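Chemist: Please find one structure pasted underneath; my questions will follow.
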Amino acid sequence: MNKFLKIVFLLSLIVTWNNLLAQKDTLKNNVIGAFLIMPIEFPIIDNNALNEQLNSFGFPSANYSTANIGIGLQLHINRVITTFSFCKTTKKNEQSSHLTEIEYRSTSLNIGYDLLKSQWFSLYPYVGFKGCGLNYLYRDRLPDGTSFDNYFKADLKYKEVTNSRAHLDLGVGFSHQWFYLINFRFGYLLPLEKIQWNMNNNQTILSKSPTINYNYYFSLTLGIGSIVSDNGLRRRYSRNE
């Protein structure tokens, strides 16, 4: 419940800030744009404590994917830039004796304020919410050609743990937009809750879990859509008359 209240409070602040900016903005012609986006996220995660503990038990490290692909939506309304995105990528390591799968996922919603007066370029600080999670799965494998009896007689290891953590997302972005969008971002994450590892589909909390920190991230976002301004629309209509 505490986590839910923090998220609701943060989203309320974002919506309030968005409304204030939209009401007071007089420094730029009105613009409106929408883009369907594909973010490519490069998270920087401190999982050394987790890997040390896994290795001490004889399990492989939790090596997550460097680049993680997602989908989302980016809106431009005057100087306010609103972005929602979801990323999920699984890195697999298949060996003859075992398989590991490390899944990284993130969900973000943030509001930025454009410092430039150009319709085609934006430089904006932003604030928002970002939830990050990591899932670790390990299972033993038997060689090809194993008999039915041997498979059920074998003592195969299967381990799966997961975690998720809510953050305050602070960053800066630079974008070029037309009928396409190219966007670079850097974000720093401040945790809103303590880390905990779970098993059994998040039903059971594991006590004395190793720490893991989602520190910051870089992202490259590609998108397709459109952006128009009042001046552009007036010129277009005047040519048609």
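All residue names refer to the structure tokens as shown: chains lettered A, B, ... in order, residues numbered from 1 in each chain, ligands numbered from 1 in order.
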Dump as a tab-separated table the rows for residues of segment 195-234 of chain A within 6 Å of segment 172-189 of chain A: closest atom pair and distance in Å with one decimal, only C-alpha atoms counted, ordered by chain and rising residue number.
Modeler:
```
residue	atom	partner	partner_atom	distance
A:Asn215	CA	A:Leu189	CA	5.6
A:Tyr216	CA	A:Tyr188	CA	4.4
A:Tyr217	CA	A:Gly187	CA	5.4
A:Phe218	CA	A:Phe186	CA	4.7
A:Ser219	CA	A:Arg185	CA	5.2
A:Leu220	CA	A:Phe184	CA	4.9
A:Thr221	CA	A:Asn183	CA	4.9
A:Leu222	CA	A:Ile182	CA	5.0
A:Gly223	CA	A:Leu181	CA	4.6
A:Ile224	CA	A:Tyr180	CA	4.3
A:Gly225	CA	A:Phe179	CA	5.2
A:Ser226	CA	A:Phe179	CA	4.6
```
Chemist: Contacts between segment 51-62 of chain A and segment 164-230 of chain A, please, where a residue of segment 164-230 of chain A counts if it comes within 10 Å (with only C-alpha atoms); show its shortest atom pair and distance in Å to one decimal, rows by chain and ascending number, as JSON lines.
Modeler:
```
{"residue": "A:Ser209", "atom": "CA", "partner": "A:Gln53", "partner_atom": "CA", "distance": 9.5}
{"residue": "A:Pro210", "atom": "CA", "partner": "A:Gln53", "partner_atom": "CA", "distance": 7.4}
{"residue": "A:Ile212", "atom": "CA", "partner": "A:Asn51", "partner_atom": "CA", "distance": 9.7}
```
Chemist: Would you save the residues of that selection, restricted to N, CA and C atoms, as a PDB file, in the first residue's frame?
Modeler:
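Output below, filename selection-v2.pdb:
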```pdb
ATOM      1  N   SER A 209      17.859 -10.980   1.156  1.00  0.00           N
ATOM      2  CA  SER A 209      18.194 -10.991  -0.274  1.00  0.00           C
ATOM      3  C   SER A 209      19.391 -10.087  -0.554  1.00  0.00           C
ATOM      4  N   PRO A 210      20.192 -10.410  -1.552  1.00  0.00           N
ATOM      5  CA  PRO A 210      21.295  -9.519  -1.939  1.00  0.00           C
ATOM      6  C   PRO A 210      20.751  -8.238  -2.562  1.00  0.00           C
ATOM      7  N   ILE A 212      20.553  -4.960  -5.089  1.00  0.00           N
ATOM      8  CA  ILE A 212      20.737  -4.662  -6.504  1.00  0.00           C
ATOM      9  C   ILE A 212      20.241  -3.239  -6.715  1.00  0.00           C
TER      10      ILE A 212
END
```
Chemist: With only C-alpha atoms counted and 10 Å as the cut-off, give the residues of segment 55-83 of chain A in contact with segment 112-127 of chain A, each with its shortest interatomic distance in Å and the pair that gives it, as JSON lines.
Modeler:
```
{"residue": "A:His76", "atom": "CA", "partner": "A:Asp114", "partner_atom": "CA", "distance": 9.3}
{"residue": "A:Ile77", "atom": "CA", "partner": "A:Tyr113", "partner_atom": "CA", "distance": 10.0}
{"residue": "A:Asn78", "atom": "CA", "partner": "A:Asp114", "partner_atom": "CA", "distance": 8.5}
{"residue": "A:Arg79", "atom": "CA", "partner": "A:Asp114", "partner_atom": "CA", "distance": 4.9}
{"residue": "A:Val80", "atom": "CA", "partner": "A:Tyr113", "partner_atom": "CA", "distance": 4.9}
{"residue": "A:Ile81", "atom": "CA", "partner": "A:Gly112", "partner_atom": "CA", "distance": 4.8}
{"residue": "A:Thr82", "atom": "CA", "partner": "A:Gly112", "partner_atom": "CA", "distance": 6.3}
{"residue": "A:Thr83", "atom": "CA", "partner": "A:Gly112", "partner_atom": "CA", "distance": 8.3}
```
Chemist: Assign secondary structure with DSSP using the backbone only, and return the residues of segment 79-199 of chain A in helix (DSSP H, G or I) as a list in words.
Modeler: Phe148, Asp149, Asn150, Tyr151, Phe152 and Lys153 of chain A
Chemist: Export N, CA, C and O atoms of the chosen residues as a PDB file, in the first residue's frame?
Modeler:
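Saved the output as result-v1.pdb:
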```pdb
ATOM      1  N   PHE A 148      13.077 -41.432 -21.425  1.00  0.00           N
ATOM      2  CA  PHE A 148      11.981 -40.972 -20.570  1.00  0.00           C
ATOM      3  C   PHE A 148      12.266 -41.321 -19.109  1.00  0.00           C
ATOM      4  O   PHE A 148      12.090 -40.494 -18.208  1.00  0.00           O
ATOM      5  N   ASP A 149      12.717 -42.548 -18.866  1.00  0.00           N
ATOM      6  CA  ASP A 149      13.000 -42.979 -17.496  1.00  0.00           C
ATOM      7  C   ASP A 149      14.112 -42.147 -16.870  1.00  0.00           C
ATOM      8  O   ASP A 149      14.013 -41.710 -15.711  1.00  0.00           O
ATOM      9  N   ASN A 150      15.184 -41.923 -17.610  1.00  0.00           N
ATOM     10  CA  ASN A 150      16.304 -41.165 -17.068  1.00  0.00           C
ATOM     11  C   ASN A 150      15.918 -39.711 -16.774  1.00  0.00           C
ATOM     12  O   ASN A 150      16.431 -39.102 -15.832  1.00  0.00           O
ATOM     13  N   TYR A 151      15.035 -39.149 -17.601  1.00  0.00           N
ATOM     14  CA  TYR A 151      14.616 -37.768 -17.366  1.00  0.00           C
ATOM     15  C   TYR A 151      13.902 -37.634 -16.022  1.00  0.00           C
ATOM     16  O   TYR A 151      14.166 -36.729 -15.243  1.00  0.00           O
ATOM     17  N   PHE A 152      12.994 -38.575 -15.717  1.00  0.00           N
ATOM     18  CA  PHE A 152      12.234 -38.469 -14.479  1.00  0.00           C
ATOM     19  C   PHE A 152      13.028 -38.948 -13.267  1.00  0.00           C
ATOM     20  O   PHE A 152      12.687 -38.620 -12.132  1.00  0.00           O
ATOM     21  N   LYS A 153      14.071 -39.719 -13.501  1.00  0.00           N
ATOM     22  CA  LYS A 153      14.925 -40.135 -12.395  1.00  0.00           C
ATOM     23  C   LYS A 153      15.978 -39.082 -12.046  1.00  0.00           C
ATOM     24  O   LYS A 153      16.520 -39.082 -10.945  1.00  0.00           O
TER      25      LYS A 153
END
```
Chemist: Per residue of segment 33-119 of chain A within 12 Å of segment 130-137 of chain A, record the nearest atom pair and its distance in Å to one decimal, counting only C-alpha atoms, with rows in chain order and ascending residue number, as JSON lines.
Modeler:
```
{"residue": "A:Glu41", "atom": "CA", "partner": "A:Cys132", "partner_atom": "CA", "distance": 11.7}
{"residue": "A:Pro43", "atom": "CA", "partner": "A:Cys132", "partner_atom": "CA", "distance": 9.6}
{"residue": "A:Ile44", "atom": "CA", "partner": "A:Cys132", "partner_atom": "CA", "distance": 11.4}
{"residue": "A:Ile45", "atom": "CA", "partner": "A:Leu134", "partner_atom": "CA", "distance": 9.9}
{"residue": "A:Asp46", "atom": "CA", "partner": "A:Leu134", "partner_atom": "CA", "distance": 11.8}
{"residue": "A:Asn47", "atom": "CA", "partner": "A:Leu134", "partner_atom": "CA", "distance": 10.1}
{"residue": "A:Leu50", "atom": "CA", "partner": "A:Tyr136", "partner_atom": "CA", "distance": 10.4}
{"residue": "A:Asn51", "atom": "CA", "partner": "A:Tyr136", "partner_atom": "CA", "distance": 10.9}
{"residue": "A:Leu54", "atom": "CA", "partner": "A:Tyr136", "partner_atom": "CA", "distance": 10.4}
{"residue": "A:Phe59", "atom": "CA", "partner": "A:Leu137", "partner_atom": "CA", "distance": 10.3}
{"residue": "A:Pro60", "atom": "CA", "partner": "A:Tyr136", "partner_atom": "CA", "distance": 10.0}
{"residue": "A:Ser61", "atom": "CA", "partner": "A:Tyr136", "partner_atom": "CA", "distance": 9.3}
{"residue": "A:Ala62", "atom": "CA", "partner": "A:Tyr136", "partner_atom": "CA", "distance": 6.6}
{"residue": "A:Asn63", "atom": "CA", "partner": "A:Tyr136", "partner_atom": "CA", "distance": 9.3}
{"residue": "A:Tyr64", "atom": "CA", "partner": "A:Leu134", "partner_atom": "CA", "distance": 8.2}
{"residue": "A:Ser65", "atom": "CA", "partner": "A:Leu134", "partner_atom": "CA", "distance": 10.7}
{"residue": "A:Thr83", "atom": "CA", "partner": "A:Lys130", "partner_atom": "CA", "distance": 11.2}
{"residue": "A:Phe84", "atom": "CA", "partner": "A:Lys130", "partner_atom": "CA", "distance": 9.8}
{"residue": "A:Ser85", "atom": "CA", "partner": "A:Lys130", "partner_atom": "CA", "distance": 9.4}
{"residue": "A:Phe86", "atom": "CA", "partner": "A:Gly131", "partner_atom": "CA", "distance": 9.6}
{"residue": "A:Cys87", "atom": "CA", "partner": "A:Cys132", "partner_atom": "CA", "distance": 9.3}
{"residue": "A:Lys88", "atom": "CA", "partner": "A:Gly133", "partner_atom": "CA", "distance": 9.4}
{"residue": "A:Thr89", "atom": "CA", "partner": "A:Leu134", "partner_atom": "CA", "distance": 10.0}
{"residue": "A:Thr90", "atom": "CA", "partner": "A:Asn135", "partner_atom": "CA", "distance": 8.8}
{"residue": "A:Lys91", "atom": "CA", "partner": "A:Tyr136", "partner_atom": "CA", "distance": 10.0}
{"residue": "A:Lys92", "atom": "CA", "partner": "A:Leu137", "partner_atom": "CA", "distance": 9.5}
{"residue": "A:Asn93", "atom": "CA", "partner": "A:Leu137", "partner_atom": "CA", "distance": 10.5}
{"residue": "A:Glu94", "atom": "CA", "partner": "A:Leu137", "partner_atom": "CA", "distance": 11.8}
{"residue": "A:His98", "atom": "CA", "partner": "A:Leu137", "partner_atom": "CA", "distance": 10.5}
{"residue": "A:Leu99", "atom": "CA", "partner": "A:Leu137", "partner_atom": "CA", "distance": 8.1}
{"residue": "A:Thr100", "atom": "CA", "partner": "A:Leu137", "partner_atom": "CA", "distance": 5.5}
{"residue": "A:Glu101", "atom": "CA", "partner": "A:Leu137", "partner_atom": "CA", "distance": 5.1}
{"residue": "A:Ile102", "atom": "CA", "partner": "A:Tyr136", "partner_atom": "CA", "distance": 4.9}
{"residue": "A:Glu103", "atom": "CA", "partner": "A:Asn135", "partner_atom": "CA", "distance": 4.9}
{"residue": "A:Tyr104", "atom": "CA", "partner": "A:Leu134", "partner_atom": "CA", "distance": 4.8}
{"residue": "A:Arg105", "atom": "CA", "partner": "A:Gly133", "partner_atom": "CA", "distance": 5.3}
{"residue": "A:Ser106", "atom": "CA", "partner": "A:Cys132", "partner_atom": "CA", "distance": 4.4}
{"residue": "A:Thr107", "atom": "CA", "partner": "A:Gly131", "partner_atom": "CA", "distance": 5.2}
{"residue": "A:Ser108", "atom": "CA", "partner": "A:Lys130", "partner_atom": "CA", "distance": 4.2}
{"residue": "A:Leu109", "atom": "CA", "partner": "A:Lys130", "partner_atom": "CA", "distance": 6.5}
{"residue": "A:Asn110", "atom": "CA", "partner": "A:Lys130", "partner_atom": "CA", "distance": 8.2}
{"residue": "A:Ile111", "atom": "CA", "partner": "A:Lys130", "partner_atom": "CA", "distance": 11.8}
```
Chemist: Include N, CA and C atoms and write out the residues we just selected as a short mmCIF file (atom, residue, chain, number, x, y, z; two decimals), in the first residue's frame.
Modeler:
```
data_model
loop_
_atom_site.label_atom_id
_atom_site.label_comp_id
_atom_site.auth_asym_id
_atom_site.auth_seq_id
_atom_site.Cartn_x
_atom_site.Cartn_y
_atom_site.Cartn_z
N GLU A 41 16.93 0.85 -24.69
CA GLU A 41 17.40 1.28 -23.37
C GLU A 41 18.67 0.54 -22.98
N PRO A 43 20.49 0.09 -19.61
CA PRO A 43 20.51 0.31 -18.16
C PRO A 43 21.88 0.02 -17.56
N ILE A 44 22.20 0.74 -16.52
CA ILE A 44 23.42 0.51 -15.73
C ILE A 44 22.98 0.03 -14.36
N ILE A 45 23.19 -1.26 -14.09
CA ILE A 45 22.69 -1.90 -12.87
C ILE A 45 23.86 -2.43 -12.06
N ASP A 46 23.86 -2.12 -10.78
CA ASP A 46 24.86 -2.67 -9.87
C ASP A 46 24.31 -3.97 -9.28
N ASN A 47 24.71 -5.10 -9.86
CA ASN A 47 24.25 -6.40 -9.37
C ASN A 47 25.43 -7.26 -8.89
N LEU A 50 24.57 -9.58 -5.96
CA LEU A 50 23.78 -10.72 -6.44
C LEU A 50 24.68 -11.76 -7.10
N ASN A 51 25.57 -11.31 -7.98
CA ASN A 51 26.44 -12.25 -8.70
C ASN A 51 27.40 -12.97 -7.76
N LEU A 54 25.33 -15.68 -6.11
CA LEU A 54 25.01 -16.75 -7.06
C LEU A 54 26.24 -17.62 -7.33
N PHE A 59 26.11 -21.08 -9.20
CA PHE A 59 25.22 -20.69 -10.28
C PHE A 59 25.85 -19.59 -11.13
N PRO A 60 25.50 -19.51 -12.42
CA PRO A 60 26.05 -18.47 -13.29
C PRO A 60 25.59 -17.07 -12.86
N SER A 61 26.35 -16.06 -13.28
CA SER A 61 26.01 -14.67 -12.96
C SER A 61 24.75 -14.23 -13.70
N ALA A 62 24.13 -13.19 -13.18
CA ALA A 62 22.93 -12.61 -13.79
C ALA A 62 23.36 -11.53 -14.77
N ASN A 63 23.79 -11.95 -15.95
CA ASN A 63 24.27 -11.01 -16.98
C ASN A 63 23.10 -10.61 -17.87
N TYR A 64 22.55 -9.42 -17.63
CA TYR A 64 21.40 -8.93 -18.37
C TYR A 64 21.84 -8.35 -19.72
N SER A 65 20.89 -8.17 -20.60
CA SER A 65 21.17 -7.66 -21.93
C SER A 65 21.59 -6.19 -21.87
N THR A 83 5.98 11.19 -22.18
CA THR A 83 6.44 9.92 -22.74
C THR A 83 6.01 8.76 -21.86
N PHE A 84 5.47 7.74 -22.51
CA PHE A 84 5.19 6.46 -21.84
C PHE A 84 5.91 5.37 -22.63
N SER A 85 6.58 4.46 -21.92
CA SER A 85 7.28 3.38 -22.62
C SER A 85 7.34 2.14 -21.76
N PHE A 86 7.48 1.00 -22.44
CA PHE A 86 7.64 -0.29 -21.77
C PHE A 86 8.71 -1.07 -22.51
N CYS A 87 9.70 -1.58 -21.76
CA CYS A 87 10.79 -2.39 -22.33
C CYS A 87 10.81 -3.75 -21.66
N LYS A 88 11.14 -4.77 -22.45
CA LYS A 88 11.29 -6.12 -21.91
C LYS A 88 12.17 -6.93 -22.84
N THR A 89 13.29 -7.39 -22.32
CA THR A 89 14.24 -8.18 -23.12
C THR A 89 14.80 -9.30 -22.26
N THR A 90 14.92 -10.49 -22.84
CA THR A 90 15.46 -11.64 -22.13
C THR A 90 16.77 -12.08 -22.80
N LYS A 91 17.80 -12.22 -21.99
CA LYS A 91 19.09 -12.72 -22.48
C LYS A 91 19.24 -14.18 -22.07
N LYS A 92 19.43 -15.05 -23.06
CA LYS A 92 19.54 -16.49 -22.80
C LYS A 92 20.98 -16.95 -22.96
N ASN A 93 21.36 -17.89 -22.13
CA ASN A 93 22.67 -18.53 -22.23
C ASN A 93 22.46 -20.04 -22.15
N GLU A 94 22.51 -20.68 -23.30
CA GLU A 94 22.26 -22.12 -23.37
C GLU A 94 23.58 -22.87 -23.40
N HIS A 98 23.09 -26.72 -18.78
CA HIS A 98 22.13 -25.84 -18.12
C HIS A 98 21.70 -24.70 -19.05
N LEU A 99 20.65 -24.01 -18.63
CA LEU A 99 20.13 -22.84 -19.34
C LEU A 99 19.87 -21.74 -18.33
N THR A 100 20.30 -20.52 -18.65
CA THR A 100 19.95 -19.36 -17.83
C THR A 100 19.22 -18.35 -18.69
N GLU A 101 18.23 -17.68 -18.11
CA GLU A 101 17.50 -16.60 -18.76
C GLU A 101 17.43 -15.42 -17.80
N ILE A 102 17.94 -14.27 -18.25
CA ILE A 102 17.93 -13.05 -17.44
C ILE A 102 17.03 -12.05 -18.15
N GLU A 103 15.92 -11.75 -17.54
CA GLU A 103 14.95 -10.83 -18.13
C GLU A 103 15.04 -9.47 -17.45
N TYR A 104 15.19 -8.40 -18.28
CA TYR A 104 15.11 -7.03 -17.78
C TYR A 104 13.83 -6.40 -18.31
N ARG A 105 13.14 -5.65 -17.45
CA ARG A 105 11.92 -4.98 -17.87
C ARG A 105 11.84 -3.61 -17.19
N SER A 106 11.21 -2.67 -17.85
CA SER A 106 11.02 -1.34 -17.27
C SER A 106 9.75 -0.73 -17.82
N THR A 107 9.08 0.04 -16.98
CA THR A 107 7.89 0.80 -17.36
C THR A 107 8.09 2.23 -16.89
N SER A 108 7.90 3.20 -17.78
CA SER A 108 8.17 4.58 -17.39
C SER A 108 7.09 5.52 -17.91
N LEU A 109 6.85 6.56 -17.13
CA LEU A 109 5.96 7.66 -17.50
C LEU A 109 6.61 8.94 -17.00
N ASN A 110 6.89 9.88 -17.90
CA ASN A 110 7.54 11.11 -17.47
C ASN A 110 7.06 12.31 -18.28
N ILE A 111 7.31 13.50 -17.70
CA ILE A 111 6.92 14.77 -18.29
C ILE A 111 8.17 15.63 -18.43
#
```
Chemist: Please measure the separation of atom CA of Lys194 of chain A and atom CA of Gly171 of chain A, giving the value in Å to one decimal.
Modeler: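 Atom CA of Gly171 of chain A lies at a distance of 21.7 Å from atom CA of Lys194 of chain A.
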Chemist: Pick the closest to Asn201 of chain A from A:Ser96, A:Lys157, A:His167, A:Thr162: which is it, counting only C-alpha atoms?
Modeler: A:Thr162
Chemist: May I have all residues of segment 45-234 of chain A that DSSP, computed from the backbone, assigns to strand (DSSP E or B), given as JSON, numbers by chain?
Modeler: {"A": [45, 46, 68, 69, 70, 71, 72, 73, 74, 75, 76, 77, 80, 81, 82, 83, 84, 85, 86, 87, 88, 89, 90, 91, 92, 93, 94, 98, 99, 100, 101, 102, 103, 104, 105, 106, 107, 108, 109, 110, 111, 112, 113, 121, 122, 123, 124, 125, 126, 127, 128, 129, 130, 131, 132, 133, 134, 135, 136, 137, 138, 139, 140, 158, 159, 160, 161, 162, 163, 164, 165, 166, 167, 168, 169, 170, 171, 172, 173, 174, 175, 176, 177, 180, 181, 182, 183, 184, 185, 186, 187, 188, 189, 190, 191, 197, 198, 199, 204, 205, 206, 213, 214, 215, 216, 217, 218, 219, 220, 221, 222, 223, 224, 225, 226, 227, 228, 229]}
Chemist: Would you compute the distance between atom CA of Asn213 of chain A and atom CA of Trp197 of chain A? Give it in Å to one decimal.
Modeler: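 Between these atoms lies a distance of 12.5 Å.
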Chemist: Expressed in Å to a single decimal, how great is the separation between atom CA of Ser164 of chain A and atom CA of Ile40 of chain A?
Modeler: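 We find that atom CA of Ser164 of chain A and atom CA of Ile40 of chain A lie 19.7 Å from each other.
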Chemist: Compare A:Ser229, A:Asn198, A:Asn68, A:Asn163 by their minimum atom-to-atom distance to Phe42 of chain A, counting only C-alpha atoms, and give me the closest one.
Modeler: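 Among the listed residues, the smallest separation from Phe42 of chain A belongs to A:Asn68.
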